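Engineer: Questions regarding the structure given below will be posed in turn.
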Amino acid sequence: MNRIAGLAGALVMAAGLAVVVAPGASADAREFRVPTGIGPSGVVYGEGAASPADVPDIEWPPAGVVPPGHSAETLREFAFVMGEHLDTAFPAVVPQATTLSWIPWGGEFEGVIEDGQDYLTTWAVYDDKIGSTGTAFQIEAPGHFTATPREYCEANAAKCEAEFLDDGSLLLNATIEVEGNRTYHIGTALHYRTDGTVVWISAYDYDPIWDGSEGPDRDEIALSFEQLSALATDPALHL
């Protein structure tokens, strides 16, 4: 699949918590170009969505987990292997995607990987029957992501549901509303793994990729939570 350069939607990272700048936000806000995962999903606010207080407040990171401080060279090796994997894994989970391309793996800026950053971000850019859209990926090394599931939901005013998986990890599905020209929605699946890794995948009900050709707004988020969760729990995505 193609690797492309281009500005992906603005995700602003603060203390490990993501905030997205929606269409219609100020130009100044859009200058924050920190592609760091946020959310995907299906029907945006299903009944019975838990409040943050209902989300397990697990210890995070797990006791004794310290970020590895990977070198830029090591992170590039991880990026290459994960990129090769996603070329086939993403279409298998998202068969509706056509013209699939990838924004280069990076950190604070796309394509820029630095010593010790301990996370990697990329975007799948594609079309479906509705039009163009993108899915954000962020892979956090053990111990790098410090927000508990409850803190993430509270900080983003998200509608959240969480479940413990058989291996003891926790899968969090979060829907975030963002105000712009209208109310926009982001769905995110975050996989809190027992070794301290967090993988989060996000999808949108608008086109988050700023490439000079704005895609359509949608009635629903582009991916279902089932698809987002399948991507977030993929064991091949790790640092």
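Chain labels A, B, ... are given in the sequence in which chains occur in the structure tokens; within each chain residues are numbered consecutively from 1, and ligands are likewise numbered from 1 in the order shown.
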Which residues of range 85-146 of chain A come within 9 Å of range 192-209 of chain A, and what is each one's closest atom pair and distance in Å (one decimal), counting only C-alpha atoms, sorted by chain and residue number, as CSV?
Structural biologist:
```
residue,atom,partner,partner_atom,distance
A:Trp123,CA,A:Ile209,CA,8.8
A:Val125,CA,A:Ile209,CA,7.6
A:Gly131,CA,A:Asp207,CA,8.7
A:Ser132,CA,A:Asp207,CA,6.5
A:Thr133,CA,A:Asp207,CA,4.5
A:Gly134,CA,A:Pro208,CA,6.1
A:Thr135,CA,A:Ala203,CA,4.9
A:Ala136,CA,A:Ser202,CA,5.0
A:Phe137,CA,A:Ile201,CA,4.8
A:Gln138,CA,A:Trp200,CA,5.4
A:Ile139,CA,A:Val199,CA,4.7
A:Glu140,CA,A:Val198,CA,5.1
A:Ala141,CA,A:Thr197,CA,5.3
A:Pro142,CA,A:Thr197,CA,4.1
A:Gly143,CA,A:Gly196,CA,5.2
A:His144,CA,A:Thr197,CA,7.8
A:Phe145,CA,A:Val198,CA,6.7
```
Engineer: Go ahead and write the residues just picked, C-alpha atoms, as a PDB file, in the first residue's frame.
Structural biologist:
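Output file result33.pdb follows:
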```
ATOM      1  CA  TRP A 123      -3.328   7.153   9.876  1.00  0.00           C
ATOM      2  CA  VAL A 125      -6.519   7.133   4.654  1.00  0.00           C
ATOM      3  CA  GLY A 131     -16.473   9.062   0.613  1.00  0.00           C
ATOM      4  CA  SER A 132     -13.026   9.782   2.000  1.00  0.00           C
ATOM      5  CA  THR A 133     -12.126   9.396   5.679  1.00  0.00           C
ATOM      6  CA  GLY A 134      -9.295   8.308   7.957  1.00  0.00           C
ATOM      7  CA  THR A 135      -8.625   6.088  10.949  1.00  0.00           C
ATOM      8  CA  ALA A 136      -6.027   7.086  13.551  1.00  0.00           C
ATOM      9  CA  PHE A 137      -3.647   4.597  15.190  1.00  0.00           C
ATOM     10  CA  GLN A 138      -1.548   5.254  18.274  1.00  0.00           C
ATOM     11  CA  ILE A 139       0.699   2.621  19.805  1.00  0.00           C
ATOM     12  CA  GLU A 140       1.985   3.406  23.307  1.00  0.00           C
ATOM     13  CA  ALA A 141       4.999   1.596  24.765  1.00  0.00           C
ATOM     14  CA  PRO A 142       4.530   0.025  28.211  1.00  0.00           C
ATOM     15  CA  GLY A 143       4.288   2.748  30.855  1.00  0.00           C
ATOM     16  CA  HIS A 144       4.127   5.687  28.448  1.00  0.00           C
ATOM     17  CA  PHE A 145       0.361   6.250  28.566  1.00  0.00           C
TER      18      PHE A 145
END
```
Engineer: I'd like the interatomic distance between CA of Val178 in chain A and CA of Asn156 in chain A, to a tenth of an Å.
Structural biologist: 9.5 Å
Engineer: Could you give me, as a tab-separated table, a per-residue list for range 137-208 of chain A showing, wherever an atom lies at most 7 Å from an atom of range 52-61 of chain A, the closest pair of atoms and their distance in Å to one decimal, using only C-alpha atoms and sorting by chain then residue number from low to high?
Structural biologist:
```
residue	atom	partner	partner_atom	distance
A:Gly143	CA	A:Pro61	CA	5.4
A:Thr146	CA	A:Pro61	CA	5.8
A:Ala147	CA	A:Trp60	CA	6.8
A:Thr148	CA	A:Trp60	CA	5.4
A:Pro149	CA	A:Asp57	CA	6.5
A:Arg150	CA	A:Pro52	CA	5.4
A:Cys153	CA	A:Pro52	CA	5.5
A:Glu154	CA	A:Pro52	CA	5.7
A:Cys160	CA	A:Pro52	CA	6.6
A:Glu161	CA	A:Val55	CA	6.8
A:Ala162	CA	A:Val55	CA	6.2
A:Gly196	CA	A:Pro61	CA	5.5
```
Engineer: Quick one: of A:Glu84, A:Pro95, A:His191, A:Arg182, who's nearest to Leu165 in chain A, counting only C-alpha atoms?
Structural biologist: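 The shortest atom-to-atom distance to Leu165 in chain A comes from A:His191.
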Engineer: Point out the residue among A:Val112, A:Ala157, A:Leu190, A:Val94 with the least atom-to-atom distance to Ala72 in chain A, counting only C-alpha atoms.
Structural biologist: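 The shortest atom-to-atom distance to Ala72 in chain A comes from A:Val112.
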Engineer: Between A:Ala158, A:Ala232, A:Leu75, A:Ala189, single out the one closest to Asn173 in chain A, counting only C-alpha atoms.
Structural biologist: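 For Asn173 in chain A, the nearest of the given residues is A:Ala189.
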Engineer: Compare A:Glu226, A:Glu108, A:Asp118, A:Asp87 by their minimum atom-to-atom distance to Glu73 in chain A, counting only C-alpha atoms, and give me the closest one.
Structural biologist: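 Nearest candidate to Glu73 in chain A out of A:Glu226, A:Glu108, A:Asp118, A:Asp87: A:Asp118.
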